[in-house]
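Enquirer: Just passing along the structure, written as structure tokens.
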Amino acid sequence: MSAQIRLDGQTLFLVGLVDFAHAAQIYRSGCAVLAATAERQVQLDLSALQHSNTLTVALIVQWIRQFQGKIQLQLVHIPNQLQAIMRASNLEMLMPTPV
């Protein structure tokens, strides 16, 4: 199943699998949802990802760049595999700071 995007209040859910065949469509869907929200801060909930890969990280980075200065995306419920990819890519700054 290709990933789906769903906004519930201040939380954007990325559900399913980000794959090369659907990445551009997923990016556009996320952009449309984010552009339509009046929220200035949105949590990006990654708990329902089926698999994490570098393409998922690239997608998230592009959303952050696209909406920089307009919406602050805060990543929550980051799967362990995605955390490892982010660390290996030197992108720890995208992860929430432990309390």
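By order in the structure tokens, chains are A, B, ...; within a chain, residues start at 1; ligands start at 1, following the order shown.
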Using only C-alpha atoms, determine which residues lie at most 12 Å from range 2-6 of chain A, disregarding the query and same-chain residues fewer than 3 positions distant; provide the list as a PyMOL selection string.

Expert: chain A and resi 9-34+37+42-46+48-52+55-56+59

Enquirer: Taking the backbone alone, and naming residues the way the document does, which bits of range 10-98 of chain A are helix (DSSP H, G or I) by DSSP, as a ChimeraX atom specification?

Expert: /A:23-36,54-66,80-88,92-94

Enquirer: Just give me the gap between CA of Gln83 in chain A and CA of Val57 in chain A in Å, one decimal is fine.

Expert: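 So the two atoms, CA of Gln83 in chain A and CA of Val57 in chain A, lie 9.5 Å apart.
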
Enquirer: Just give me the gap between CA of Ile85 in chain A and CA of Phe67 in chain A in Å, one decimal is fine.

Expert: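 Separation of CA of Ile85 in chain A and CA of Phe67 in chain A: 22.5 Å.
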
Enquirer: Return the single residue from A:Leu82, A:Leu7, A:Leu94, A:Ala88 that is closest to Ile64 in chain A, with distances computed using only C-alpha atoms.

Expert: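 Among the listed residues, A:Leu94 lies closest to Ile64 in chain A.
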
Enquirer: Can you list, as a ChimeraX atom specification, every residue of chain A that DSSP puts in strand (DSSP E)?

Expert: /A:4-8,11-17,41-45,49-51,72-76

Enquirer: Deliver the residues from the most recent selection as a file, using C-alpha atoms, as a PDB file, in the first residue's frame.

Expert:
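Once everything was written out, this is part33.pdb:
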ATOM      1  CA  GLN A   4      -1.503   8.120   2.608  1.00  0.00           C
ATOM      2  CA  ILE A   5      -1.620  11.604   4.109  1.00  0.00           C
ATOM      3  CA  ARG A   6      -4.242  12.649   6.646  1.00  0.00           C
ATOM      4  CA  LEU A   7      -4.471  15.829   8.726  1.00  0.00           C
ATOM      5  CA  ASP A   8      -6.321  15.666  12.037  1.00  0.00           C
ATOM      6  CA  THR A  11      -1.286  16.349  13.395  1.00  0.00           C
ATOM      7  CA  LEU A  12      -0.357  15.188   9.908  1.00  0.00           C
ATOM      8  CA  PHE A  13      -0.273  11.395   9.666  1.00  0.00           C
ATOM      9  CA  LEU A  14       1.951   9.632   7.133  1.00  0.00           C
ATOM     10  CA  VAL A  15       0.535   6.120   6.868  1.00  0.00           C
ATOM     11  CA  GLY A  16       1.768   3.163   4.820  1.00  0.00           C
ATOM     12  CA  LEU A  17       4.834   2.923   2.613  1.00  0.00           C
ATOM     13  CA  GLN A  41       2.890  24.242  13.950  1.00  0.00           C
ATOM     14  CA  VAL A  42       2.056  20.730  12.764  1.00  0.00           C
ATOM     15  CA  GLN A  43       3.138  17.421  14.237  1.00  0.00           C
ATOM     16  CA  LEU A  44       4.155  14.866  11.621  1.00  0.00           C
ATOM     17  CA  ASP A  45       3.177  11.499  13.111  1.00  0.00           C
ATOM     18  CA  LEU A  49       4.801   3.911   8.494  1.00  0.00           C
ATOM     19  CA  GLN A  50       5.125   0.340   7.233  1.00  0.00           C
ATOM     20  CA  HIS A  51       8.794   0.731   6.357  1.00  0.00           C
ATOM     21  CA  GLN A  72       6.994  24.297  11.739  1.00  0.00           C
ATOM     22  CA  LEU A  73       6.900  20.515  11.327  1.00  0.00           C
ATOM     23  CA  GLN A  74       7.631  18.564  14.486  1.00  0.00           C
ATOM     24  CA  LEU A  75       8.327  14.862  13.955  1.00  0.00           C
ATOM     25  CA  VAL A  76       6.710  12.508  16.459  1.00  0.00           C
TER      26      VAL A  76
END

Enquirer: How far is it from CA of Gln68 in chain A to CA of Asn80 in chain A, in Å with one decimal?

Expert: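 CA of Gln68 in chain A sits 25.6 Å away from CA of Asn80 in chain A.
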